[in-house]
Structure formats: C-alpha cells, structure tokens
$ cat data14.cif   # mmCIF, C-alpha atoms and all ligand atoms
data_upload
loop_
_atom_site.label_atom_id
_atom_site.label_comp_id
_atom_site.auth_asym_id
_atom_site.auth_seq_id
_atom_site.Cartn_x
_atom_site.Cartn_y
_atom_site.Cartn_z
CA MET A 1 -13.35 -4.50 -4.09
CA ARG A 2 -10.70 -2.64 -2.05
CA THR A 3 -7.16 -3.02 -3.29
CA ASN A 4 -3.80 -1.37 -2.98
CA TYR A 5 -0.74 -2.47 -4.91
CA HIS A 6 1.62 0.25 -3.70
CA THR A 7 3.02 -0.44 -0.21
CA HIS A 8 6.55 0.11 1.09
CA THR A 9 8.49 -1.46 3.95
CA ALA A 10 11.17 -0.05 6.28
CA ARG A 11 13.84 -1.52 3.98
CA CYS A 12 13.64 1.52 1.68
CA GLN A 13 14.92 3.65 4.59
CA HIS A 14 12.10 6.19 4.36
CA ALA A 15 9.07 4.06 5.29
CA PHE A 16 8.14 2.90 8.77
CA GLY A 17 6.56 -0.09 10.52
CA LYS A 18 6.59 -3.86 10.29
CA GLU A 19 5.02 -5.82 7.43
CA THR A 20 2.51 -7.31 9.87
CA ASP A 21 1.41 -3.79 10.88
CA TYR A 22 0.69 -2.92 7.24
CA ILE A 23 -1.21 -6.19 6.81
CA LYS A 24 -3.27 -5.71 9.99
CA ALA A 25 -4.09 -2.12 8.99
CA ALA A 26 -5.22 -3.36 5.56
CA ILE A 27 -7.37 -6.12 7.11
CA ASP A 28 -8.94 -3.61 9.53
CA ALA A 29 -9.68 -1.24 6.63
CA ARG A 30 -11.26 -4.20 4.75
CA TYR A 31 -8.86 -4.42 1.86
CA ASP A 32 -9.29 -7.50 -0.35
CA ILE A 33 -5.83 -7.29 -1.94
CA LEU A 34 -2.65 -5.79 -0.50
CA GLY A 35 0.35 -5.57 -2.81
CA PHE A 36 3.79 -4.79 -1.39
CA SER A 37 5.93 -2.90 -3.91
CA ASP A 38 8.96 -1.64 -2.05
CA HIS A 39 11.61 0.38 -3.92
CA THR A 40 13.64 -2.11 -5.90
CA PRO A 41 17.39 -2.40 -5.44
CA TRP A 42 19.47 -2.16 -8.64
CA PRO A 43 22.90 -3.61 -9.40
CA PHE A 44 24.53 -0.16 -9.31
CA THR A 45 28.10 0.10 -10.53
CA GLY A 46 31.07 1.36 -8.51
CA GLY A 47 29.64 0.29 -5.15
CA PHE A 48 26.98 3.02 -5.13
CA VAL A 49 24.55 2.52 -2.24
CA SER A 50 21.18 4.25 -2.60
CA PRO A 51 19.78 6.02 0.46
CA ILE A 52 16.17 5.47 -0.66
CA ARG A 53 15.87 1.75 -1.37
CA MET A 54 16.81 -1.68 -0.03
CA ARG A 55 20.18 -3.20 -0.87
CA ILE A 56 20.37 -6.14 -3.26
CA ASP A 57 21.30 -8.46 -0.39
CA GLN A 58 17.97 -7.57 1.30
CA LEU A 59 15.82 -8.55 -1.67
CA GLU A 60 15.45 -12.26 -0.91
CA GLY A 61 14.57 -11.51 2.72
CA TYR A 62 11.89 -9.06 1.53
CA LEU A 63 10.34 -11.52 -0.92
CA ARG A 64 10.54 -14.43 1.52
CA THR A 65 9.02 -12.45 4.39
CA VAL A 66 6.05 -11.20 2.36
CA ARG A 67 5.41 -14.67 0.88
CA LYS A 68 5.44 -16.23 4.33
CA LEU A 69 2.99 -13.61 5.63
CA ALA A 70 0.81 -14.06 2.53
CA ALA A 71 0.38 -17.71 3.45
CA ARG A 72 -0.21 -16.89 7.13
CA TYR A 73 -2.94 -14.32 6.42
CA ALA A 74 -4.41 -16.04 3.33
CA ASP A 75 -7.81 -16.56 4.95
CA GLN A 76 -8.14 -12.83 5.71
CA ILE A 77 -6.55 -11.00 2.77
CA ASN A 78 -4.81 -11.66 -0.55
CA ILE A 79 -1.23 -10.45 -0.49
CA ALA A 80 1.02 -9.98 -3.53
CA VAL A 81 4.71 -9.12 -3.59
CA GLY A 82 6.16 -6.77 -6.17
CA LEU A 83 8.63 -3.93 -6.64
CA GLU A 84 8.43 -0.23 -7.46
CA CYS A 85 11.00 0.21 -10.23
CA GLU A 86 12.35 2.93 -12.45
CA TYR A 87 12.94 2.38 -16.14
CA PHE A 88 16.73 2.08 -16.13
CA PRO A 89 17.67 0.48 -19.49
CA ASP A 90 21.18 -0.41 -18.26
CA TYR A 91 19.77 -2.62 -15.50
CA LEU A 92 16.59 -3.82 -17.17
CA SER A 93 17.74 -7.40 -17.76
CA TRP A 94 18.34 -7.70 -14.00
CA LEU A 95 14.68 -6.73 -13.40
CA GLU A 96 13.46 -9.12 -16.09
CA ASP A 97 15.31 -11.94 -14.34
CA ARG A 98 13.63 -11.04 -11.03
CA LEU A 99 10.18 -11.13 -12.64
CA ARG A 100 10.83 -14.48 -14.33
CA ASP A 101 12.85 -16.26 -11.67
CA GLU A 102 11.61 -19.80 -11.23
CA ARG A 103 12.36 -19.82 -7.52
CA ALA A 104 9.53 -18.12 -5.66
CA GLU A 105 11.89 -16.78 -2.98
CA SER A 106 13.77 -14.67 -5.52
CA ARG A 107 10.89 -13.78 -7.83
CA ALA A 108 8.86 -10.60 -7.63
CA ASP A 109 5.33 -11.12 -8.93
CA TYR A 110 4.93 -7.67 -10.48
CA ALA A 111 6.63 -4.34 -11.03
CA ILE A 112 5.13 -0.86 -11.02
CA LEU A 113 6.89 1.90 -12.93
CA GLY A 114 7.84 4.61 -10.45
CA HIS A 115 10.25 6.61 -12.56
CA HIS A 116 12.13 8.84 -10.11
CA PHE A 117 15.52 9.43 -11.77
CA ASP A 118 16.87 10.28 -15.21
CA LEU A 119 18.21 6.91 -16.47
CA ASP A 120 20.25 6.22 -13.33
CA GLU A 121 20.24 7.24 -9.68
CA ILE A 122 24.01 7.74 -9.50
CA ASN A 123 24.16 10.78 -11.82
CA GLY A 124 20.58 11.19 -12.99
CA ALA A 125 18.46 14.12 -11.81
CA TYR A 126 15.42 13.51 -9.56
CA PHE A 127 12.33 14.17 -11.66
CA GLY A 128 10.28 15.21 -8.64
CA ALA A 129 12.53 18.27 -8.12
CA ASN A 130 12.75 19.25 -11.77
CA THR A 131 11.70 22.56 -13.31
CA SER A 132 13.39 22.18 -16.71
CA MET A 133 11.33 21.41 -19.81
CA GLU A 134 14.21 19.45 -21.32
CA LEU A 135 14.22 17.10 -18.34
CA ALA A 136 10.42 16.91 -18.39
CA ARG A 137 10.65 15.76 -22.02
CA ARG A 138 13.18 13.12 -21.00
CA TYR A 139 10.79 11.93 -18.27
CA ALA A 140 7.91 11.52 -20.72
CA ARG A 141 10.07 9.72 -23.26
CA GLN A 142 11.52 7.33 -20.69
CA VAL A 143 8.15 6.56 -19.09
CA ILE A 144 6.72 5.74 -22.51
CA GLU A 145 9.71 3.51 -23.31
CA GLY A 146 9.21 1.84 -19.93
CA MET A 147 5.55 1.12 -20.74
CA GLU A 148 6.62 -0.30 -24.09
CA THR A 149 8.77 -2.98 -22.40
CA GLY A 150 5.62 -4.68 -21.10
CA LEU A 151 7.32 -5.27 -17.74
CA TYR A 152 5.27 -2.86 -15.64
CA ALA A 153 1.72 -3.43 -14.38
CA CYS A 154 1.00 0.31 -14.05
CA VAL A 155 2.70 3.70 -13.94
CA ALA A 156 3.01 4.95 -10.36
CA HIS A 157 2.50 8.73 -9.89
CA PRO A 158 2.80 9.45 -13.67
CA ASP A 159 2.47 13.18 -12.95
CA LEU A 160 5.44 13.33 -10.53
CA PHE A 161 7.39 15.29 -13.15
CA VAL A 162 5.17 18.39 -12.84
CA GLN A 163 5.40 18.63 -9.05
CA ARG A 164 7.92 21.49 -8.74
CA PHE A 165 6.77 23.58 -11.73
CA ASP A 166 4.78 26.64 -10.70
CA ALA A 167 2.45 26.64 -13.73
CA PHE A 168 0.97 23.89 -15.87
CA THR A 169 2.13 25.18 -19.25
CA SER A 170 1.01 24.01 -22.70
CA GLY A 171 4.36 22.21 -22.94
CA LEU A 172 3.59 20.17 -19.80
CA ALA A 173 0.10 19.50 -21.14
CA GLU A 174 1.55 18.14 -24.37
CA LEU A 175 3.92 15.80 -22.49
CA SER A 176 1.08 14.67 -20.22
CA ARG A 177 -0.98 13.87 -23.31
CA GLU A 178 1.86 11.81 -24.80
CA ILE A 179 2.10 9.76 -21.59
CA CYS A 180 -1.68 9.30 -21.44
CA ARG A 181 -1.91 8.28 -25.10
CA ALA A 182 0.79 5.65 -24.62
CA SER A 183 -0.94 4.39 -21.47
CA ARG A 184 -4.16 3.91 -23.43
CA ALA A 185 -2.51 2.40 -26.50
CA LEU A 186 -0.37 -0.02 -24.48
CA SER A 187 -3.06 -0.77 -21.86
CA VAL A 188 -0.82 0.20 -18.94
CA PRO A 189 -3.01 1.90 -16.31
CA LEU A 190 -1.96 5.11 -14.57
CA GLU A 191 -1.87 5.36 -10.79
CA TYR A 192 -3.62 8.16 -8.93
CA ASN A 193 -1.21 8.48 -6.02
CA LEU A 194 -2.54 9.16 -2.52
CA TYR A 195 0.90 9.81 -1.04
CA GLY A 196 1.18 12.89 -3.24
CA LEU A 197 -2.34 13.90 -2.27
CA ARG A 198 -1.43 13.52 1.40
CA LYS A 199 1.59 15.81 0.93
CA GLN A 200 -0.66 18.48 -0.62
CA ALA A 201 -3.03 18.29 2.34
CA GLN A 202 -0.29 19.13 4.87
CA PRO A 203 -0.51 22.50 6.66
CA VAL A 204 2.71 23.69 5.01
CA LYS A 205 2.17 22.96 1.35
CA PRO A 206 5.30 22.06 -0.62
CA ILE A 207 6.41 24.52 -3.31
CA GLY A 208 5.06 23.95 -6.81
CA LEU A 209 2.05 22.29 -8.43
CA GLY A 210 2.47 19.03 -6.51
CA TYR A 211 0.85 15.82 -7.64
CA PRO A 212 -1.67 14.40 -8.41
CA ASN A 213 -2.24 17.30 -10.78
CA ALA A 214 -5.84 18.08 -11.79
CA ARG A 215 -4.91 19.13 -15.34
CA PHE A 216 -2.96 15.90 -15.91
CA TRP A 217 -5.99 13.85 -14.88
CA GLU A 218 -8.36 15.85 -17.08
CA ILE A 219 -6.09 14.94 -19.98
CA ALA A 220 -6.16 11.30 -18.86
CA VAL A 221 -9.98 11.43 -19.11
CA GLU A 222 -9.81 13.00 -22.59
CA GLU A 223 -7.45 10.24 -23.73
CA GLY A 224 -9.63 7.45 -22.29
CA CYS A 225 -7.05 6.17 -19.79
CA ALA A 226 -7.69 3.68 -17.02
CA ALA A 227 -6.56 4.60 -13.52
CA ILE A 228 -5.91 2.69 -10.34
CA ILE A 229 -5.76 4.40 -6.95
CA GLY A 230 -2.49 3.69 -5.11
CA VAL A 231 -1.99 4.45 -1.41
CA ASP A 232 1.83 4.43 -1.76
CA ALA A 233 1.83 3.56 1.95
CA HIS A 234 4.99 4.57 3.80
CA GLU A 235 3.50 3.82 7.20
CA PRO A 236 0.73 1.43 8.29
CA GLN A 237 -1.63 4.31 9.20
CA HIS A 238 -1.78 5.30 5.54
CA LEU A 239 -3.77 2.10 4.92
CA GLY A 240 -5.95 2.77 7.93
CA ASP A 241 -7.18 6.03 6.41
CA PRO A 242 -9.78 4.89 3.89
CA GLU A 243 -11.39 8.35 3.77
CA LEU A 244 -8.70 9.79 1.50
CA GLY A 245 -9.14 6.89 -0.93
CA MET A 246 -12.89 7.36 -0.91
CA LEU A 247 -12.59 11.09 -1.62
CA ALA A 248 -10.20 10.34 -4.48
CA LYS A 249 -12.63 7.80 -5.93
CA VAL A 250 -15.55 10.28 -5.79
CA TYR A 251 -13.37 12.96 -7.45
CA LEU A 252 -12.19 10.63 -10.23
CA ASP A 253 -15.72 9.33 -10.86
CA ARG A 254 -16.96 12.90 -11.21
CA LEU A 255 -14.11 13.66 -13.57
CA GLY A 256 -15.30 10.72 -15.70
CA LEU A 257 -12.14 8.64 -15.34
CA ARG A 258 -12.28 4.87 -15.79
CA VAL A 259 -11.15 3.65 -12.35
CA ILE A 260 -10.09 0.01 -12.08
CA ASP A 261 -9.38 -1.86 -8.86
CA THR A 262 -7.20 -4.77 -9.97
CA LEU A 263 -4.00 -4.93 -12.00
CA GLU A 264 -3.96 -7.48 -14.76
CA GLY A 265 -1.55 -10.35 -14.33
CA VAL A 266 -0.86 -9.67 -10.65
CA ALA A 267 -1.78 -12.73 -8.61
CA ALA A 268 -1.66 -12.90 -4.86
CA CYS A 269 1.20 -15.05 -3.51
CA ALA A 270 -1.01 -17.54 -1.75
CA ARG A 271 -2.73 -18.30 -5.03
CA SER A 272 0.29 -18.18 -7.31
CA ASP A 273 2.53 -20.56 -5.34
ZN ZN A 301 7.58 6.45 -6.14
ZN ZN A 302 6.18 4.38 -3.70
#
$ encode --input "data14.cif" --output "structure tokens" --more "lines below"
Ligand SMILES: [Zn+2]
Ligand SMILES: [Zn+2]
Amino acid sequence: MRTNYHTHTARCQHAFGKETDYIKAAIDARYDILGFSDHTPWPFTGGFVSPIRMRIDQLEGYLRTVRKLAARYADQINIAVGLECEYFPDYLSWLEDRLRDERAESRADYAILGHHFDLDEINGAYFGANTSMELARRYARQVIEGMETGLYACVAHPDLFVQRFDAFTSGLAELSREICRASRALSVPLEYNLYGLRKQAQPVKPIGLGYPNARFWEIAVEEGCAAIIGVDAHEPQHLGDPELGMLAKVYLDRLGLRVIDTLEGVAACARSD
C-alpha cells in the first residue's frame, strides 16, 4: 500500500501548485491514500499574521476544496483532509473544536504534530534553527506533552530539533530517547520525513546535522517505535518521485524499524462523509 499523509497546498505561502496537481501526481505514482495536511492557522492574538501558514478565514475553503476533490477522485484514490499543527497549549481547544466539528466543511479529519515553534509563533523560537540544549529540552518536553493529548495521529519530522547542531551529543541522544519512548508508550508513530531528506540531497548542503538524523532513527529502533514515511510534499513533483520513498523504505527496513503505511483513525473523506 502506498500512502502519504503529509501534503501541503499553496495556502501556506511556501508550497506550490494546485490541489488537483498533487492529486494527479499521487494517482500517477500509484498512491492508494493521499492525505492533505497543510499548516494549520491558529487564532493568534494581537492580529499576528503568520507568513508560513494559511489564515483562519482560508480554513473552510481548504477543507471544502479537498472534500470536493476527494469525492471527485474517489474511484481513483482515497483522499483525507487534515492539518499539520504545533502543540500550542494556549490554542489547543481551538484545534480540538476543529477535529470534532460536526459540520464536515469545518472539520479536519486528523492532525499531525509538526512542532516548529516554542509554544507560540509570535515570540517562540524556531526549533529548526536552534543550537541551544535548553531549547532542545523544551522541544522534547513539548512534543511529549503533545503526544499525551491524544490529538495527533503521528509526529512529523520528530528529529527537526537536531537539524542545526553540528554534533549529535549524548544530550541530544537522551532527548531523542525520551521522545521515542513516549512515542512507543503512547502508540503515536514517528514520521520519517522525505522533505528533510530532499534538503540534504541538494548540491549545497545546509549547515548542521539536518534531518532525518541517522542516530535518532537508530534510537527509534532500539525503543521499538513505529514509523511512517511522510513526503511532506510542497510541490506536486515531490509525489511524483517515488524513488526517494523507496530508498527510505529500504534503509529503514535494513535498520530494523517497524514501518507502517496507514495512520490509525484517519479515514478518507469519501468514506467518512
Ligand atoms: Zn513541518
Ligand atoms: Zn509539512
């Protein structure tokens, strides 16, 4: 079974292409399930407008558009509509409402935990640029708390927090182990993120360890975690490049990781409505 639950749309302001282009690319690459999980908006205070996600007034249009396309393409592919969300305790009840909304046009069917910022985007540091152990500890603690809420179907790029460090220290290993242990204990799978892998494969490699990080995933094996491969598609071509996914699968199998291909509780729109 070929699946991908991590797909963006142009609404997040840093992804490209129309929804139909993502869907056609997924059909051509023989995906069985395509999950859209664009960066969620949040009810930020003080009129803050994020440059990396849709606005709240775009949410219904996003959900409605994907649901409509799910019905249109139902005989070729199963499409689900979700959101990539941080764990922001101040706004969590807003997310809970979105996941439980009785009206399909304002309900997201699943959330993945992509924890980019320290408790808030307005003042909180970006974890992907961090080189401080104190902030790394905060990342691990917040991701674990996020998993404990039971709201998230998986943890997207769990190893994002090591990307700018230049060495994988014993301190980072310990934090990785804490995240992996919680993932196992709470049965929240970890995502092996192909967008990060793509960045590492570029001719000019970004500074730092990058992600996915081999040491993190060795620890995930030791802790008996389950992993799902996520394309984290920011353009339709990312779905039309099955080779990268296949290489990742071979690598993870060799590592001895338990790779799953479906997320529990995530139903495709056409079946859930
Ligand atoms: Zn992300
Ligand atoms: Zn993403």
$ closest_atom_pairs --input "data14.cif" --of "chain A" --to "ligand ZN 301 (chain A)" --cutoff "7 Å" --atoms "only C-alpha atoms and all ligand atoms" --output "tab-separated table"
residue	atom	partner	partner_atom	distance
A:Glu84	CA	A:ZN301	ZN	6.9
A:Gly114	CA	A:ZN301	ZN	4.7
A:His115	CA	A:ZN301	ZN	7.0
A:His116	CA	A:ZN301	ZN	6.5
A:Ala156	CA	A:ZN301	ZN	6.4
A:His157	CA	A:ZN301	ZN	6.7
$ residues_near_ligand --input "data14.cif" --ligand "ligand ZN 302 (chain A)" --cutoff "8 Å" --atoms "only C-alpha atoms and all ligand atoms" --output "mmCIF file with C-alpha atoms, in the coordinates of the input"
data_model
loop_
_atom_site.group_PDB
_atom_site.id
_atom_site.type_symbol
_atom_site.label_atom_id
_atom_site.label_comp_id
_atom_site.auth_asym_id
_atom_site.auth_seq_id
_atom_site.Cartn_x
_atom_site.Cartn_y
_atom_site.Cartn_z
ATOM 1 C CA HIS A 6 1.620 0.250 -3.700
ATOM 2 C CA THR A 7 3.020 -0.440 -0.210
ATOM 3 C CA HIS A 8 6.550 0.110 1.090
ATOM 4 C CA SER A 37 5.930 -2.900 -3.910
ATOM 5 C CA ASP A 38 8.960 -1.640 -2.050
ATOM 6 C CA HIS A 39 11.610 0.380 -3.920
ATOM 7 C CA GLU A 84 8.430 -0.230 -7.460
ATOM 8 C CA GLY A 114 7.840 4.610 -10.450
ATOM 9 C CA ALA A 156 3.010 4.950 -10.360
ATOM 10 C CA ASP A 232 1.830 4.430 -1.760
ATOM 11 C CA ALA A 233 1.830 3.560 1.950
ATOM 12 C CA HIS A 234 4.990 4.570 3.800
#
$ residues_near_point --input "data14.cif" --point "(-1.0, 20.0, -1.4)" --cutoff "12 Å" --atoms "all atoms listed in the file" --output "ChimeraX atom specification"
/A:163-164,194-214
$ closest_residue --input "data14.cif" --among "A:Ala129, A:Cys269, A:Leu151, A:Cys225" --to "Glu96 (chain A)" --atoms "all atoms listed in the file"
A:Leu151
$ closest_residue --input "data14.cif" --among "A:Trp42, A:Leu113, A:Glu60, A:Arg138" --to "Ser93 (chain A)" --atoms "all atoms listed in the file"
A:Trp42
$ closest_atom_pairs --input "data14.cif" --of "region 12-51 of chain A" --to "region 243-267 of chain A" --cutoff "12 Å" --atoms "all atoms listed in the file" --output "JSON lines"
{"residue": "A:Ala29", "atom": "CA", "partner": "A:Glu243", "partner_atom": "CA", "distance": 10.2}
{"residue": "A:Tyr31", "atom": "CA", "partner": "A:Asp261", "partner_atom": "CA", "distance": 11.0}
{"residue": "A:Asp32", "atom": "CA", "partner": "A:Asp261", "partner_atom": "CA", "distance": 10.2}
{"residue": "A:Ile33", "atom": "CA", "partner": "A:Thr262", "partner_atom": "CA", "distance": 8.5}
{"residue": "A:Leu34", "atom": "CA", "partner": "A:Thr262", "partner_atom": "CA", "distance": 10.6}
{"residue": "A:Gly35", "atom": "CA", "partner": "A:Val266", "partner_atom": "CA", "distance": 8.9}
{"residue": "A:Phe36", "atom": "CA", "partner": "A:Val266", "partner_atom": "CA", "distance": 11.5}
{"residue": "A:Ser37", "atom": "CA", "partner": "A:Val266", "partner_atom": "CA", "distance": 11.7}
$ atom_distance --input "data14.cif" --atom1 "CA of Asp109 (chain A)" --atom2 "CA of Val155 (chain A)"
15.9 Å
$ atom_distance --input "data14.cif" --atom1 "CA of Ser183 (chain A)" --atom2 "CA of Ala153 (chain A)"
10.9 Å
$ residues_around --input "data14.cif" --residues "Leu186 (chain A)" --least-positions-apart "5" --cutoff "10 Å" --atoms "only C-alpha atoms" --output "compact mmCIF listing (two decimals) with C-alpha atoms, in the frame of the given file"
# COMPACT_ATOMS: atom_id res chain seq x y z
CA ILE A 144 6.72 5.74 -22.51
CA MET A 147 5.55 1.12 -20.74
CA GLU A 148 6.62 -0.30 -24.09
CA THR A 149 8.77 -2.98 -22.40
CA GLY A 150 5.62 -4.68 -21.10
CA CYS A 180 -1.68 9.30 -21.44
CA ARG A 181 -1.91 8.28 -25.10
$ residues_around --input "data14.cif" --residues "Arg107 (chain A)" --least-positions-apart "4" --cutoff "12 Å" --atoms "only C-alpha atoms" --output "compact mmCIF listing (two decimals) with C-alpha atoms, in the coordinates of the input"
# COMPACT_ATOMS: atom_id res chain seq x y z
CA LEU A 59 15.82 -8.55 -1.67
CA GLU A 60 15.45 -12.26 -0.91
CA GLY A 61 14.57 -11.51 2.72
CA TYR A 62 11.89 -9.06 1.53
CA LEU A 63 10.34 -11.52 -0.92
CA ARG A 64 10.54 -14.43 1.52
CA VAL A 66 6.05 -11.20 2.36
CA ARG A 67 5.41 -14.67 0.88
CA ALA A 80 1.02 -9.98 -3.53
CA VAL A 81 4.71 -9.12 -3.59
CA GLY A 82 6.16 -6.77 -6.17
CA LEU A 83 8.63 -3.93 -6.64
CA TRP A 94 18.34 -7.70 -14.00
CA LEU A 95 14.68 -6.73 -13.40
CA GLU A 96 13.46 -9.12 -16.09
CA ASP A 97 15.31 -11.94 -14.34
CA ARG A 98 13.63 -11.04 -11.03
CA LEU A 99 10.18 -11.13 -12.64
CA ARG A 100 10.83 -14.48 -14.33
CA ASP A 101 12.85 -16.26 -11.67
CA GLU A 102 11.61 -19.80 -11.23
CA ARG A 103 12.36 -19.82 -7.52
CA ALA A 111 6.63 -4.34 -11.03
CA CYS A 269 1.20 -15.05 -3.51
CA SER A 272 0.29 -18.18 -7.31
CA ASP A 273 2.53 -20.56 -5.34
$ closest_residue --input "data14.cif" --among "A:Phe161, A:Ala167, A:Ala125, A:Ile219" --to "Arg184 (chain A)" --atoms "all atoms listed in the file"
A:Ile219
$ atom_distance --input "data14.cif" --atom1 "CA of His14 (chain A)" --atom2 "CA of Phe216 (chain A)"
27.1 Å
$ residues_around --input "data14.cif" --residues "region 50-56 of chain A" --least-positions-apart "6" --cutoff "6 Å" --atoms "all atoms listed in the file" --output "tab-separated table (two decimals) with C-alpha atoms, in the coordinates of the input"
chain	number	residue	atom	x	y	z
A	11	ARG	CA	13.84	-1.52	3.98
A	12	CYS	CA	13.64	1.52	1.68
A	13	GLN	CA	14.92	3.65	4.59
A	39	HIS	CA	11.61	0.38	-3.92
A	41	PRO	CA	17.39	-2.40	-5.44
$ residues_around --input "data14.cif" --residues "Gly240 (chain A)" --least-positions-apart "2" --cutoff "8 Å" --atoms "only C-alpha atoms" --output "list in words"
Ala25, Ala26, Asp28, Ala29, Pro236, Gln237, His238 and Pro242 of chain A
$ residues_around --input "data14.cif" --residues "Gly17 (chain A)" --least-positions-apart "5" --cutoff "8 Å" --atoms "all atoms listed in the file" --output "MDAnalysis selection string"
chainID A and resid 9:10 22 235:236
$ build_atoms --input "data14.cif" --residues "region 64-80 of chain A" --atoms "N, CA and C atoms" --output "tab-separated table (two decimals), keeping the file's coordinate frame"
chain	number	residue	atom	x	y	z
A	64	ARG	N	10.85	-13.27	0.68
A	64	ARG	CA	10.54	-14.43	1.52
A	64	ARG	C	9.58	-14.03	2.64
A	65	THR	N	9.87	-12.90	3.27
A	65	THR	CA	9.02	-12.45	4.39
A	65	THR	C	7.59	-12.22	3.93
A	66	VAL	N	7.42	-11.49	2.81
A	66	VAL	CA	6.05	-11.20	2.36
A	66	VAL	C	5.33	-12.48	1.94
A	67	ARG	N	6.05	-13.40	1.28
A	67	ARG	CA	5.41	-14.67	0.88
A	67	ARG	C	4.95	-15.47	2.10
A	68	LYS	N	5.79	-15.48	3.12
A	68	LYS	CA	5.44	-16.23	4.33
A	68	LYS	C	4.19	-15.61	4.98
A	69	LEU	N	4.15	-14.28	5.03
A	69	LEU	CA	2.99	-13.61	5.63
A	69	LEU	C	1.75	-13.78	4.76
A	70	ALA	N	1.94	-13.84	3.45
A	70	ALA	CA	0.81	-14.06	2.53
A	70	ALA	C	0.14	-15.38	2.86
A	71	ALA	N	0.95	-16.39	3.12
A	71	ALA	CA	0.38	-17.71	3.45
A	71	ALA	C	-0.30	-17.65	4.82
A	72	ARG	N	0.34	-16.95	5.78
A	72	ARG	CA	-0.21	-16.89	7.13
A	72	ARG	C	-1.56	-16.17	7.17
A	73	TYR	N	-1.70	-15.13	6.36
A	73	TYR	CA	-2.94	-14.32	6.42
A	73	TYR	C	-3.90	-14.63	5.27
A	74	ALA	N	-3.65	-15.75	4.56
A	74	ALA	CA	-4.41	-16.04	3.33
A	74	ALA	C	-5.92	-16.10	3.54
A	75	ASP	N	-6.35	-16.48	4.74
A	75	ASP	CA	-7.81	-16.56	4.95
A	75	ASP	C	-8.43	-15.20	5.24
A	76	GLN	N	-7.59	-14.17	5.40
A	76	GLN	CA	-8.14	-12.83	5.71
A	76	GLN	C	-7.93	-11.81	4.60
A	77	ILE	N	-6.86	-11.99	3.81
A	77	ILE	CA	-6.55	-11.00	2.77
A	77	ILE	C	-5.62	-11.64	1.73
A	78	ASN	N	-5.74	-11.20	0.49
A	78	ASN	CA	-4.81	-11.66	-0.55
A	78	ASN	C	-3.63	-10.71	-0.62
A	79	ILE	N	-2.44	-11.27	-0.50
A	79	ILE	CA	-1.23	-10.45	-0.49
A	79	ILE	C	-0.37	-10.80	-1.70
A	80	ALA	N	0.12	-9.78	-2.38
A	80	ALA	CA	1.02	-9.98	-3.53
A	80	ALA	C	2.34	-9.28	-3.22
